[in-house]
Amino acid sequence: MVTVNQDYLNLKGSYLFSTIAKKIAVYQANHPEAKMIRMGIGDVTQPLVPAVVAALHKAVDEQANKDTFHGYAPDLGYTFLREKIVEHDYEARGAHVELDEVFISDGAKGDVANIQELFGRDNKVAVGDPVYPVYVDSNVMSGRTGTYDAKTEIWSDLTYLSATSENNFTPSLPTSHVDLIYLCYPNNPTGTTLTKEALKEWVDYANKEEAIIIYDSAYEAFITDSAIPRSIYEIEGARTCAIEVRSFSKTAGFTGLRLGYTVVPKELIREGVALHSLWARRHSTKFNGAPYVVSRAGEAVYSNEGKKQIREQIAYYLRNAKMIREDLIKAGYDVFGGTNAPYVWVKTPAGMTSWEFFDFLLEKKQIIVTPGSGFGPSGEGYVRFSAFGEYESVQDAMQRITQ
Ligand code: PLP
């Protein structure tokens with residue numbers, strides 16, 4: 001009889017989003033007239049910008065013609081897209097990344113979940129806390145997390161890098177050695193960022209400990225403060241200790257199109273092995289390339305028109321975030337994030353847990369947020385507001401809260 005992968009049995013069910021869905025369903029069944037405002041989800045709401053749509057149409061027409069048809073993409077992804085990435089995302093920021101260090105994918109989630117395959121099973125893993133759950137679950141699937149304490153919701157072999165208002169959302173370096181470190185900035189869920197100085201401490205730590213940082217900058221496009229690093233490669237020493245994962249999802253509304261990339265510098269050598277070669281092998285074995293049509297759409301993101309239109313779209317979401325921040329501050333809440341990120345992280349009123357505040361907002365205001373405790377132990381006592389909604393519904397939500 002076939003046996004199953006026992007590590008998968010250790011996965012915790014998607015307790016957070018299924019519990020939210022159940023609570024909403026119960027509330028709606030009892031209050032069918034209620035007009036709910038959803039501020040929990042992290043999906044975008046605005047359509048693709050015109051420059052991207054034009055590139056898609058053109059690429060579709062090319063696929064309809066024998067002379068311009070494209071089949072499988074090259075192993076690393078199309079050069080026209082990787083050139084734009086190197087030029088605009090790195091060279092323009094004074095960061096060095098080479099063309100063949102960029103691996104195009106169908107989004108950041110797969111990359112950030114799969115990257116741990118390059119590392120031994122006995123590596124010690126550290127995650128920011130609160131955390132994007134994929135980092136934890138992908139390591140659970142690979143048996144790297146030890147045993148689970150249901151009471152504390154902590155995995156015994158994981159190091160949780162706590163980020164709360166007490167440390168200004170800047171986690172301290174681990175007190176005992178870790179090998180793989182997941183950092184996400186601008187952060188999901190807290191919407192906070194890390195300064196160059198703070199990020200440099202992590203780079204120095206990783207180089208000293210011969211650890212690797214997996215740097216998820218899926219939300220870098222929301223950074224408006226030029227002093228905040230958009231890429232870890234803006235930090236000296238990062239090329240010998242960091243892999244960076246990026247996405248077009250939140251940058252350009254590609255959540256439904258699917259496009260992302262991972263940078264693995266060739267200087268990343270551990271146990272005499274170039275991680276670049278391992279990822280290249282993995283990529284060509286397990287992935288058959290991002291679609292030509294979508295890659296052309298990605299290229300259009302970097303055109304002058306595309307850049308301008310996307311800046312306007314990001315500004316739309318940031319205007320929502322600003323309104324959420326300012327109105328909640330006026331209403332007396334402690335509010336974090338939301339200035340260089342599409343998420344606003346809000347402390348629950350004294351004495352309320354994340355779920356109690358969630359229930360309060362659902363039942364009294366018909367507003368749906370995400371309870372912070374669902375993102376890890378340090379998320380308790382907070383909720384996440386997403387700024388990805390329509391401006392008018394955000395406005396409506398804020399009126400309900402401030403009235
Ligand atoms: N990384 C973070 C921190 C995210 O929040 C998300 C999506 O919400 C992703 C990665 C996934 O991005 P993609 O849509 O490119 O798979």
# chains A, B, ... in the order shown; residues from 1 in each chain; ligands from 1

call {"tool": "select_by_dssp", "arguments": {"residues": "stretch 99-316 of chain A", "states": "strand (DSSP E)", "output": "PDB file with N, CA, C and O atoms, in the first residue's frame"}}
result
ATOM      1  N   VAL A 102      18.529  36.197 -12.459  1.00  0.00           N
ATOM      2  CA  VAL A 102      17.082  36.438 -12.329  1.00  0.00           C
ATOM      3  C   VAL A 102      16.322  35.251 -12.917  1.00  0.00           C
ATOM      4  O   VAL A 102      16.495  34.907 -14.087  1.00  0.00           O
ATOM      5  N   PHE A 103      15.497  34.615 -12.102  1.00  0.00           N
ATOM      6  CA  PHE A 103      14.697  33.469 -12.543  1.00  0.00           C
ATOM      7  C   PHE A 103      13.224  33.892 -12.546  1.00  0.00           C
ATOM      8  O   PHE A 103      12.649  34.148 -11.504  1.00  0.00           O
ATOM      9  N   ILE A 104      12.640  33.928 -13.739  1.00  0.00           N
ATOM     10  CA  ILE A 104      11.226  34.334 -13.841  1.00  0.00           C
ATOM     11  C   ILE A 104      10.326  33.157 -13.437  1.00  0.00           C
ATOM     12  O   ILE A 104      10.587  32.007 -13.812  1.00  0.00           O
ATOM     13  N   SER A 105       9.268  33.491 -12.716  1.00  0.00           N
ATOM     14  CA  SER A 105       8.347  32.436 -12.267  1.00  0.00           C
ATOM     15  C   SER A 105       6.898  32.902 -12.450  1.00  0.00           C
ATOM     16  O   SER A 105       6.644  34.000 -12.939  1.00  0.00           O
ATOM     17  N   VAL A 125      15.478  27.126  11.116  1.00  0.00           N
ATOM     18  CA  VAL A 125      14.762  28.165  10.367  1.00  0.00           C
ATOM     19  C   VAL A 125      14.247  29.254  11.320  1.00  0.00           C
ATOM     20  O   VAL A 125      13.732  28.941  12.394  1.00  0.00           O
ATOM     21  N   ALA A 126      14.377  30.495  10.887  1.00  0.00           N
ATOM     22  CA  ALA A 126      13.812  31.619  11.651  1.00  0.00           C
ATOM     23  C   ALA A 126      12.824  32.371  10.763  1.00  0.00           C
ATOM     24  O   ALA A 126      13.088  32.583   9.570  1.00  0.00           O
ATOM     25  N   VAL A 127      11.711  32.736  11.340  1.00  0.00           N
ATOM     26  CA  VAL A 127      10.717  33.522  10.588  1.00  0.00           C
ATOM     27  C   VAL A 127      10.341  34.766  11.377  1.00  0.00           C
ATOM     28  O   VAL A 127      10.319  34.736  12.611  1.00  0.00           O
ATOM     29  N   GLY A 128      10.060  35.840  10.652  1.00  0.00           N
ATOM     30  CA  GLY A 128       9.502  37.018  11.303  1.00  0.00           C
ATOM     31  C   GLY A 128       8.178  36.616  11.944  1.00  0.00           C
ATOM     32  O   GLY A 128       7.498  35.714  11.450  1.00  0.00           O
ATOM     33  N   ASP A 129       7.821  37.218  13.049  1.00  0.00           N
ATOM     34  CA  ASP A 129       6.559  36.894  13.736  1.00  0.00           C
ATOM     35  C   ASP A 129       5.897  38.207  14.130  1.00  0.00           C
ATOM     36  O   ASP A 129       6.482  38.957  14.908  1.00  0.00           O
ATOM     37  N   TYR A 148       4.548  20.740  17.489  1.00  0.00           N
ATOM     38  CA  TYR A 148       3.684  21.925  17.581  1.00  0.00           C
ATOM     39  C   TYR A 148       3.036  21.997  18.957  1.00  0.00           C
ATOM     40  O   TYR A 148       2.505  20.998  19.446  1.00  0.00           O
ATOM     41  N   ASP A 149       3.082  23.165  19.556  1.00  0.00           N
ATOM     42  CA  ASP A 149       2.386  23.382  20.816  1.00  0.00           C
ATOM     43  C   ASP A 149       1.107  24.158  20.501  1.00  0.00           C
ATOM     44  O   ASP A 149       1.161  25.345  20.179  1.00  0.00           O
ATOM     45  N   ILE A 154       3.241  27.467  18.653  1.00  0.00           N
ATOM     46  CA  ILE A 154       4.662  27.593  18.311  1.00  0.00           C
ATOM     47  C   ILE A 154       5.224  26.227  17.906  1.00  0.00           C
ATOM     48  O   ILE A 154       4.923  25.213  18.524  1.00  0.00           O
ATOM     49  N   TRP A 155       6.030  26.220  16.836  1.00  0.00           N
ATOM     50  CA  TRP A 155       6.752  25.016  16.422  1.00  0.00           C
ATOM     51  C   TRP A 155       8.081  24.994  17.161  1.00  0.00           C
ATOM     52  O   TRP A 155       8.813  25.992  17.172  1.00  0.00           O
ATOM     53  N   LEU A 158      11.326  26.066  15.284  1.00  0.00           N
ATOM     54  CA  LEU A 158      11.331  27.368  14.594  1.00  0.00           C
ATOM     55  C   LEU A 158      11.743  28.470  15.558  1.00  0.00           C
ATOM     56  O   LEU A 158      11.343  28.457  16.719  1.00  0.00           O
ATOM     57  N   THR A 159      12.528  29.414  15.041  1.00  0.00           N
ATOM     58  CA  THR A 159      12.818  30.607  15.834  1.00  0.00           C
ATOM     59  C   THR A 159      11.879  31.702  15.357  1.00  0.00           C
ATOM     60  O   THR A 159      11.842  32.010  14.163  1.00  0.00           O
ATOM     61  N   TYR A 160      11.093  32.241  16.278  1.00  0.00           N
ATOM     62  CA  TYR A 160      10.140  33.305  15.940  1.00  0.00           C
ATOM     63  C   TYR A 160      10.791  34.652  16.240  1.00  0.00           C
ATOM     64  O   TYR A 160      11.158  34.914  17.380  1.00  0.00           O
ATOM     65  N   LEU A 161      10.935  35.456  15.220  1.00  0.00           N
ATOM     66  CA  LEU A 161      11.574  36.769  15.382  1.00  0.00           C
ATOM     67  C   LEU A 161      10.461  37.778  15.640  1.00  0.00           C
ATOM     68  O   LEU A 161       9.832  38.282  14.712  1.00  0.00           O
ATOM     69  N   SER A 162      10.237  38.024  16.901  1.00  0.00           N
ATOM     70  CA  SER A 162       9.073  38.806  17.298  1.00  0.00           C
ATOM     71  C   SER A 162       9.173  40.273  16.855  1.00  0.00           C
ATOM     72  O   SER A 162      10.179  40.939  17.080  1.00  0.00           O
ATOM     73  N   LEU A 180      18.476  29.477   8.112  1.00  0.00           N
ATOM     74  CA  LEU A 180      17.617  30.069   7.066  1.00  0.00           C
ATOM     75  C   LEU A 180      16.744  31.119   7.720  1.00  0.00           C
ATOM     76  O   LEU A 180      16.041  30.815   8.692  1.00  0.00           O
ATOM     77  N   ILE A 181      16.758  32.327   7.177  1.00  0.00           N
ATOM     78  CA  ILE A 181      16.007  33.422   7.813  1.00  0.00           C
ATOM     79  C   ILE A 181      15.043  34.010   6.781  1.00  0.00           C
ATOM     80  O   ILE A 181      15.478  34.483   5.723  1.00  0.00           O
ATOM     81  N   TYR A 182      13.772  33.990   7.088  1.00  0.00           N
ATOM     82  CA  TYR A 182      12.774  34.588   6.198  1.00  0.00           C
ATOM     83  C   TYR A 182      12.460  35.998   6.670  1.00  0.00           C
ATOM     84  O   TYR A 182      11.981  36.185   7.786  1.00  0.00           O
ATOM     85  N   LEU A 183      12.728  36.974   5.812  1.00  0.00           N
ATOM     86  CA  LEU A 183      12.368  38.362   6.142  1.00  0.00           C
ATOM     87  C   LEU A 183      11.448  38.876   5.039  1.00  0.00           C
ATOM     88  O   LEU A 183      11.683  38.605   3.849  1.00  0.00           O
ATOM     89  N   CYS A 184      10.443  39.640   5.422  1.00  0.00           N
ATOM     90  CA  CYS A 184       9.487  40.179   4.450  1.00  0.00           C
ATOM     91  C   CYS A 184       9.304  41.669   4.720  1.00  0.00           C
ATOM     92  O   CYS A 184       8.777  42.044   5.766  1.00  0.00           O
ATOM     93  N   ILE A 212      21.491  31.930   5.380  1.00  0.00           N
ATOM     94  CA  ILE A 212      20.912  32.507   4.151  1.00  0.00           C
ATOM     95  C   ILE A 212      19.632  33.255   4.524  1.00  0.00           C
ATOM     96  O   ILE A 212      18.798  32.734   5.264  1.00  0.00           O
ATOM     97  N   ILE A 213      19.499  34.454   3.980  1.00  0.00           N
ATOM     98  CA  ILE A 213      18.259  35.214   4.161  1.00  0.00           C
ATOM     99  C   ILE A 213      17.395  35.024   2.912  1.00  0.00           C
ATOM    100  O   ILE A 213      17.879  35.186   1.782  1.00  0.00           O
ATOM    101  N   ILE A 214      16.143  34.643   3.120  1.00  0.00           N
ATOM    102  CA  ILE A 214      15.169  34.656   2.019  1.00  0.00           C
ATOM    103  C   ILE A 214      14.418  35.974   2.189  1.00  0.00           C
ATOM    104  O   ILE A 214      13.661  36.143   3.147  1.00  0.00           O
ATOM    105  N   TYR A 215      14.643  36.896   1.268  1.00  0.00           N
ATOM    106  CA  TYR A 215      14.075  38.235   1.416  1.00  0.00           C
ATOM    107  C   TYR A 215      12.883  38.378   0.476  1.00  0.00           C
ATOM    108  O   TYR A 215      13.033  38.368  -0.749  1.00  0.00           O
ATOM    109  N   ASP A 216      11.713  38.481   1.059  1.00  0.00           N
ATOM    110  CA  ASP A 216      10.470  38.590   0.277  1.00  0.00           C
ATOM    111  C   ASP A 216      10.099  40.074   0.190  1.00  0.00           C
ATOM    112  O   ASP A 216       9.700  40.686   1.173  1.00  0.00           O
ATOM    113  N   ALA A 242      22.053  36.424   0.523  1.00  0.00           N
ATOM    114  CA  ALA A 242      20.599  36.630   0.385  1.00  0.00           C
ATOM    115  C   ALA A 242      20.046  36.205  -0.972  1.00  0.00           C
ATOM    116  O   ALA A 242      20.669  36.408  -2.019  1.00  0.00           O
ATOM    117  N   ILE A 243      18.859  35.631  -0.898  1.00  0.00           N
ATOM    118  CA  ILE A 243      18.038  35.328  -2.081  1.00  0.00           C
ATOM    119  C   ILE A 243      16.839  36.268  -1.990  1.00  0.00           C
ATOM    120  O   ILE A 243      16.283  36.444  -0.905  1.00  0.00           O
ATOM    121  N   GLU A 244      16.471  36.887  -3.110  1.00  0.00           N
ATOM    122  CA  GLU A 244      15.335  37.826  -3.054  1.00  0.00           C
ATOM    123  C   GLU A 244      14.194  37.310  -3.933  1.00  0.00           C
ATOM    124  O   GLU A 244      14.419  36.873  -5.065  1.00  0.00           O
ATOM    125  N   VAL A 245      12.986  37.410  -3.406  1.00  0.00           N
ATOM    126  CA  VAL A 245      11.803  36.969  -4.138  1.00  0.00           C
ATOM    127  C   VAL A 245      10.887  38.171  -4.357  1.00  0.00           C
ATOM    128  O   VAL A 245      10.632  38.942  -3.426  1.00  0.00           O
ATOM    129  N   ARG A 246      10.427  38.319  -5.600  1.00  0.00           N
ATOM    130  CA  ARG A 246       9.549  39.459  -5.922  1.00  0.00           C
ATOM    131  C   ARG A 246       8.340  39.019  -6.729  1.00  0.00           C
ATOM    132  O   ARG A 246       8.356  37.951  -7.351  1.00  0.00           O
ATOM    133  N   SER A 247       7.358  39.896  -6.748  1.00  0.00           N
ATOM    134  CA  SER A 247       6.084  39.550  -7.376  1.00  0.00           C
ATOM    135  C   SER A 247       5.559  40.729  -8.184  1.00  0.00           C
ATOM    136  O   SER A 247       5.778  41.876  -7.824  1.00  0.00           O
ATOM    137  N   GLY A 260       6.279  36.506 -11.330  1.00  0.00           N
ATOM    138  CA  GLY A 260       7.173  36.896 -10.236  1.00  0.00           C
ATOM    139  C   GLY A 260       8.596  36.527 -10.614  1.00  0.00           C
ATOM    140  O   GLY A 260       8.832  36.058 -11.738  1.00  0.00           O
ATOM    141  N   TYR A 261       9.528  36.748  -9.728  1.00  0.00           N
ATOM    142  CA  TYR A 261      10.897  36.297 -10.005  1.00  0.00           C
ATOM    143  C   TYR A 261      11.695  36.164  -8.721  1.00  0.00           C
ATOM    144  O   TYR A 261      11.343  36.726  -7.686  1.00  0.00           O
ATOM    145  N   THR A 262      12.763  35.374  -8.849  1.00  0.00           N
ATOM    146  CA  THR A 262      13.670  35.161  -7.723  1.00  0.00           C
ATOM    147  C   THR A 262      15.084  35.446  -8.200  1.00  0.00           C
ATOM    148  O   THR A 262      15.455  35.070  -9.306  1.00  0.00           O
ATOM    149  N   VAL A 263      15.839  36.138  -7.355  1.00  0.00           N
ATOM    150  CA  VAL A 263      17.244  36.425  -7.671  1.00  0.00           C
ATOM    151  C   VAL A 263      18.127  35.554  -6.777  1.00  0.00           C
ATOM    152  O   VAL A 263      17.996  35.579  -5.550  1.00  0.00           O
ATOM    153  N   ILE A 269      27.510  30.686  -2.012  1.00  0.00           N
ATOM    154  CA  ILE A 269      28.116  29.340  -1.987  1.00  0.00           C
ATOM    155  C   ILE A 269      27.988  28.804  -0.564  1.00  0.00           C
ATOM    156  O   ILE A 269      28.355  29.483   0.392  1.00  0.00           O
ATOM    157  N   ARG A 270      27.451  27.612  -0.432  1.00  0.00           N
ATOM    158  CA  ARG A 270      27.419  26.970   0.885  1.00  0.00           C
ATOM    159  C   ARG A 270      27.875  25.523   0.709  1.00  0.00           C
ATOM    160  O   ARG A 270      27.434  24.861  -0.235  1.00  0.00           O
ATOM    161  N   VAL A 273      28.973  24.563  -2.652  1.00  0.00           N
ATOM    162  CA  VAL A 273      27.979  24.432  -3.729  1.00  0.00           C
ATOM    163  C   VAL A 273      27.370  25.798  -4.037  1.00  0.00           C
ATOM    164  O   VAL A 273      26.992  26.539  -3.121  1.00  0.00           O
ATOM    165  N   ALA A 274      27.267  26.119  -5.334  1.00  0.00           N
ATOM    166  CA  ALA A 274      26.624  27.381  -5.729  1.00  0.00           C
ATOM    167  C   ALA A 274      25.111  27.179  -5.700  1.00  0.00           C
ATOM    168  O   ALA A 274      24.569  26.333  -6.430  1.00  0.00           O
TER     169      ALA A 274
END

call {"tool": "residues_near_ligand", "arguments": {"ligand": "ligand 1", "cutoff": "9 Å", "atoms": "only C-alpha atoms and all ligand atoms", "output": "number ranges by chain"}}
result
A: 41-43, 105-112, 131-134, 184-189, 216-219, 245-250, 254-256, 258-261

call {"tool": "residues_around", "arguments": {"residues": "A:Ile401", "least_positions_apart": "2", "cutoff": "10 Å", "atoms": "only C-alpha atoms", "output": "count of residues only"}}
result
14

call {"tool": "closest_residue", "arguments": {"among": "A:Gly120, A:Gly332, A:Gly71, A:Gly379", "to": "A:Trp345", "atoms": "only C-alpha atoms"}}
result
A:Gly379

call {"tool": "residues_around", "arguments": {"residues": "A:Thr164", "least_positions_apart": "5", "cutoff": "10 Å", "atoms": "only C-alpha atoms", "output": "ChimeraX atom specification"}}
result
/A:129-130,169-171,190,336,347,378-382

call {"tool": "write_last_selection", "arguments": {"atoms": "all heavy atoms", "output": "tab-separated table (two decimals), in the first residue's frame"}}
result
chain	number	residue	atom	x	y	z
A	129	ASP	N	7.82	37.22	13.05
A	129	ASP	CA	6.56	36.89	13.74
A	129	ASP	C	5.90	38.21	14.13
A	129	ASP	O	6.48	38.96	14.91
A	129	ASP	CB	6.87	36.04	14.96
A	129	ASP	CG	5.65	35.83	15.86
A	129	ASP	OD1	4.52	35.87	15.33
A	129	ASP	OD2	5.84	35.65	17.07
A	130	PRO	N	4.72	38.53	13.59
A	130	PRO	CA	3.83	37.77	12.72
A	130	PRO	C	4.44	37.47	11.34
A	130	PRO	O	5.34	38.16	10.89
A	130	PRO	CB	2.60	38.67	12.59
A	130	PRO	CG	3.10	40.05	12.86
A	130	PRO	CD	4.18	39.89	13.86
A	169	PHE	N	8.68	47.08	15.69
A	169	PHE	CA	8.55	46.16	14.57
A	169	PHE	C	9.89	45.86	13.90
A	169	PHE	O	9.95	45.54	12.72
A	169	PHE	CB	7.50	46.65	13.57
A	169	PHE	CG	6.14	46.73	14.19
A	169	PHE	CD1	5.69	47.91	14.77
A	169	PHE	CD2	5.33	45.61	14.28
A	169	PHE	CE1	4.45	47.98	15.39
A	169	PHE	CE2	4.09	45.66	14.92
A	169	PHE	CZ	3.65	46.85	15.46
A	170	THR	N	10.97	45.97	14.69
A	170	THR	CA	12.31	45.62	14.20
A	170	THR	C	12.80	44.44	15.04
A	170	THR	O	13.24	44.63	16.16
A	170	THR	CB	13.26	46.82	14.33
A	170	THR	OG1	12.67	47.92	13.63
A	170	THR	CG2	14.63	46.53	13.78
A	171	PRO	N	12.68	43.22	14.52
A	171	PRO	CA	13.04	42.06	15.34
A	171	PRO	C	14.53	42.03	15.68
A	171	PRO	O	15.37	42.46	14.87
A	171	PRO	CB	12.65	40.86	14.48
A	171	PRO	CG	12.40	41.37	13.12
A	171	PRO	CD	12.19	42.84	13.19
A	190	THR	N	2.18	43.36	8.94
A	190	THR	CA	2.19	44.58	9.77
A	190	THR	C	2.28	45.87	8.96
A	190	THR	O	2.04	46.95	9.50
A	190	THR	CB	3.37	44.57	10.78
A	190	THR	OG1	4.60	44.67	10.05
A	190	THR	CG2	3.37	43.34	11.65
A	336	PHE	N	-0.11	51.21	13.08
A	336	PHE	CA	1.25	51.03	12.54
A	336	PHE	C	1.17	50.67	11.06
A	336	PHE	O	0.13	50.19	10.59
A	336	PHE	CB	1.98	49.93	13.33
A	336	PHE	CG	1.93	50.17	14.81
A	336	PHE	CD1	0.93	49.60	15.58
A	336	PHE	CD2	2.84	51.01	15.42
A	336	PHE	CE1	0.84	49.84	16.94
A	336	PHE	CE2	2.77	51.26	16.79
A	336	PHE	CZ	1.77	50.68	17.55
A	347	LYS	N	-3.61	48.08	16.79
A	347	LYS	CA	-3.65	47.46	18.12
A	347	LYS	C	-5.11	47.38	18.57
A	347	LYS	O	-5.88	48.33	18.38
A	347	LYS	CB	-2.82	48.30	19.09
A	347	LYS	CG	-2.35	47.51	20.27
A	347	LYS	CD	-1.03	48.05	20.82
A	347	LYS	CE	-0.48	47.16	21.92
A	347	LYS	NZ	-0.71	45.74	21.79
A	378	SER	N	3.10	36.70	17.86
A	378	SER	CA	3.26	38.15	18.10
A	378	SER	C	2.18	38.99	17.43
A	378	SER	O	2.14	40.20	17.58
A	378	SER	CB	4.63	38.63	17.61
A	378	SER	OG	5.64	38.01	18.36
A	379	GLY	N	1.28	38.32	16.69
A	379	GLY	CA	0.18	39.05	16.07
A	379	GLY	C	-1.00	39.22	17.03
A	379	GLY	O	-1.93	39.98	16.74
A	380	GLU	N	-0.97	38.50	18.15
A	380	GLU	CA	-2.06	38.62	19.13
A	380	GLU	C	-2.13	40.07	19.62
A	380	GLU	O	-1.11	40.71	19.88
A	380	GLU	CB	-1.84	37.66	20.30
A	380	GLU	CG	-2.94	37.70	21.35
A	380	GLU	CD	-4.35	37.50	20.78
A	380	GLU	OE1	-4.99	38.49	20.35
A	380	GLU	OE2	-4.80	36.34	20.75
A	381	GLY	N	-3.36	40.57	19.70
A	381	GLY	CA	-3.52	41.95	20.16
A	381	GLY	C	-3.50	42.96	19.03
A	381	GLY	O	-3.49	44.17	19.27
A	382	TYR	N	-3.54	42.46	17.78
A	382	TYR	CA	-3.58	43.35	16.61
A	382	TYR	C	-4.58	42.81	15.59
A	382	TYR	O	-4.92	41.61	15.62
A	382	TYR	CB	-2.21	43.40	15.90
A	382	TYR	CG	-1.10	43.99	16.73
A	382	TYR	CD1	-0.34	43.18	17.57
A	382	TYR	CD2	-0.81	45.35	16.66
A	382	TYR	CE1	0.69	43.72	18.33
A	382	TYR	CE2	0.23	45.89	17.42
A	382	TYR	CZ	0.97	45.08	18.25
A	382	TYR	OH	1.99	45.61	19.00

call {"tool": "residues_around", "arguments": {"residues": "A:Val86", "least_positions_apart": "5", "cutoff": "12 Å", "atoms": "only C-alpha atoms", "output": "PyMOL selection string"}}
result
chain A and resi 79-81+91-104+231+233+261-263+299+302

call {"tool": "atom_distance", "arguments": {"atom1": "atom CA of A:Pro371", "atom2": "atom CA of A:Glu392"}}
result
23.1 Å

call {"tool": "residues_around", "arguments": {"residues": "A:Asn320", "least_positions_apart": "3", "cutoff": "12 Å", "atoms": "only C-alpha atoms", "output": "MDAnalysis selection string"}}
result
chainID A and resid 39 313:317 323:327 338:339 341:344 385:398

call {"tool": "write_last_selection", "arguments": {"atoms": "N, CA and C atoms", "output": "CSV table (one decimal), in the first residue's frame"}}
result
chain,number,residue,atom,x,y,z
A,39,MET,N,-12.3,44.2,4.5
A,39,MET,CA,-10.9,44.8,4.5
A,39,MET,C,-9.9,43.8,5.0
A,313,GLN,N,-1.7,53.8,-9.8
A,313,GLN,CA,-2.5,52.7,-9.1
A,313,GLN,C,-2.0,52.5,-7.7
A,314,ILE,N,-0.7,52.5,-7.5
A,314,ILE,CA,-0.2,52.3,-6.2
A,314,ILE,C,-0.6,53.5,-5.3
A,315,ALA,N,-0.6,54.7,-5.9
A,315,ALA,CA,-1.0,55.9,-5.1
A,315,ALA,C,-2.5,55.8,-4.7
A,316,TYR,N,-3.3,55.1,-5.5
A,316,TYR,CA,-4.7,54.9,-5.2
A,316,TYR,C,-4.8,54.1,-3.9
A,317,TYR,N,-4.1,53.0,-3.9
A,317,TYR,CA,-4.1,52.1,-2.7
A,317,TYR,C,-3.5,52.8,-1.5
A,323,MET,N,-5.9,57.1,4.6
A,323,MET,CA,-7.2,57.3,5.2
A,323,MET,C,-7.5,56.4,6.4
A,324,ILE,N,-7.2,55.1,6.2
A,324,ILE,CA,-7.4,54.2,7.3
A,324,ILE,C,-6.5,54.6,8.5
A,325,ARG,N,-5.2,54.9,8.2
A,325,ARG,CA,-4.3,55.3,9.3
A,325,ARG,C,-4.9,56.5,10.0
A,326,GLU,N,-5.1,57.5,9.2
A,326,GLU,CA,-5.5,58.8,9.9
A,326,GLU,C,-6.8,58.7,10.6
A,327,ASP,N,-7.8,58.1,10.0
A,327,ASP,CA,-9.1,58.0,10.7
A,327,ASP,C,-9.0,57.1,11.9
A,338,GLY,N,1.3,51.0,6.9
A,338,GLY,CA,0.4,51.7,6.0
A,338,GLY,C,0.9,53.0,5.3
A,339,THR,N,2.2,53.3,5.6
A,339,THR,CA,2.7,54.5,4.9
A,339,THR,C,3.6,54.1,3.7
A,341,ALA,N,3.3,50.7,2.6
A,341,ALA,CA,2.7,49.4,2.5
A,341,ALA,C,1.2,49.5,2.4
A,342,PRO,N,0.6,48.4,1.8
A,342,PRO,CA,-0.9,48.5,1.6
A,342,PRO,C,-1.6,47.9,2.9
A,343,TYR,N,-0.9,47.6,3.9
A,343,TYR,CA,-1.5,47.0,5.1
A,343,TYR,C,-1.4,48.0,6.3
A,344,VAL,N,-2.4,48.1,7.1
A,344,VAL,CA,-2.4,48.9,8.3
A,344,VAL,C,-2.6,47.9,9.5
A,385,PHE,N,-5.8,45.7,8.6
A,385,PHE,CA,-6.7,46.3,7.7
A,385,PHE,C,-6.0,46.3,6.3
A,386,SER,N,-6.6,45.8,5.3
A,386,SER,CA,-6.0,45.9,3.9
A,386,SER,C,-6.5,47.1,3.2
A,387,ALA,N,-5.6,47.8,2.5
A,387,ALA,CA,-5.9,49.0,1.8
A,387,ALA,C,-6.2,48.7,0.3
A,388,PHE,N,-6.4,47.4,-0.1
A,388,PHE,CA,-6.6,47.1,-1.5
A,388,PHE,C,-8.1,47.2,-2.0
A,389,GLY,N,-9.0,47.8,-1.1
A,389,GLY,CA,-10.4,47.9,-1.5
A,389,GLY,C,-10.6,49.1,-2.4
A,390,GLU,N,-11.9,49.3,-2.7
A,390,GLU,CA,-12.3,50.5,-3.4
A,390,GLU,C,-12.3,51.7,-2.5
A,391,TYR,N,-11.9,52.9,-3.0
A,391,TYR,CA,-11.8,54.1,-2.1
A,391,TYR,C,-13.1,54.3,-1.4
A,392,GLU,N,-14.2,54.2,-2.1
A,392,GLU,CA,-15.5,54.6,-1.5
A,392,GLU,C,-15.9,53.6,-0.4
A,393,SER,N,-15.5,52.3,-0.5
A,393,SER,CA,-15.9,51.4,0.6
A,393,SER,C,-15.0,51.6,1.8
A,394,VAL,N,-13.7,52.0,1.5
A,394,VAL,CA,-12.8,52.3,2.6
A,394,VAL,C,-13.4,53.5,3.4
A,395,GLN,N,-13.8,54.5,2.6
A,395,GLN,CA,-14.4,55.7,3.2
A,395,GLN,C,-15.6,55.4,4.0
A,396,ASP,N,-16.4,54.5,3.5
A,396,ASP,CA,-17.6,54.1,4.2
A,396,ASP,C,-17.2,53.4,5.5
A,397,ALA,N,-16.2,52.5,5.4
A,397,ALA,CA,-15.8,51.8,6.6
A,397,ALA,C,-15.3,52.7,7.7
A,398,MET,N,-14.5,53.7,7.2
A,398,MET,CA,-13.9,54.6,8.2
A,398,MET,C,-15.0,55.5,8.9

call {"tool": "select_by_dssp", "arguments": {"residues": "stretch 12-164 of chain A", "states": "alpha helix (DSSP H)", "output": "PyMOL selection string"}}
result
chain A and resi 15-30+50-63+79-84+108-114+133-141

call {"tool": "atom_distance", "arguments": {"atom1": "atom CA of A:Val203", "atom2": "atom CA of A:Gly272"}}
result
19.9 Å

call {"tool": "residues_around", "arguments": {"residues": "A:Leu275", "least_positions_apart": "3", "cutoff": "12 Å", "atoms": "only C-alpha atoms", "output": "PyMOL selection string"}}
result
chain A and resi 101+115-119+212+239-243+263-272+278-283
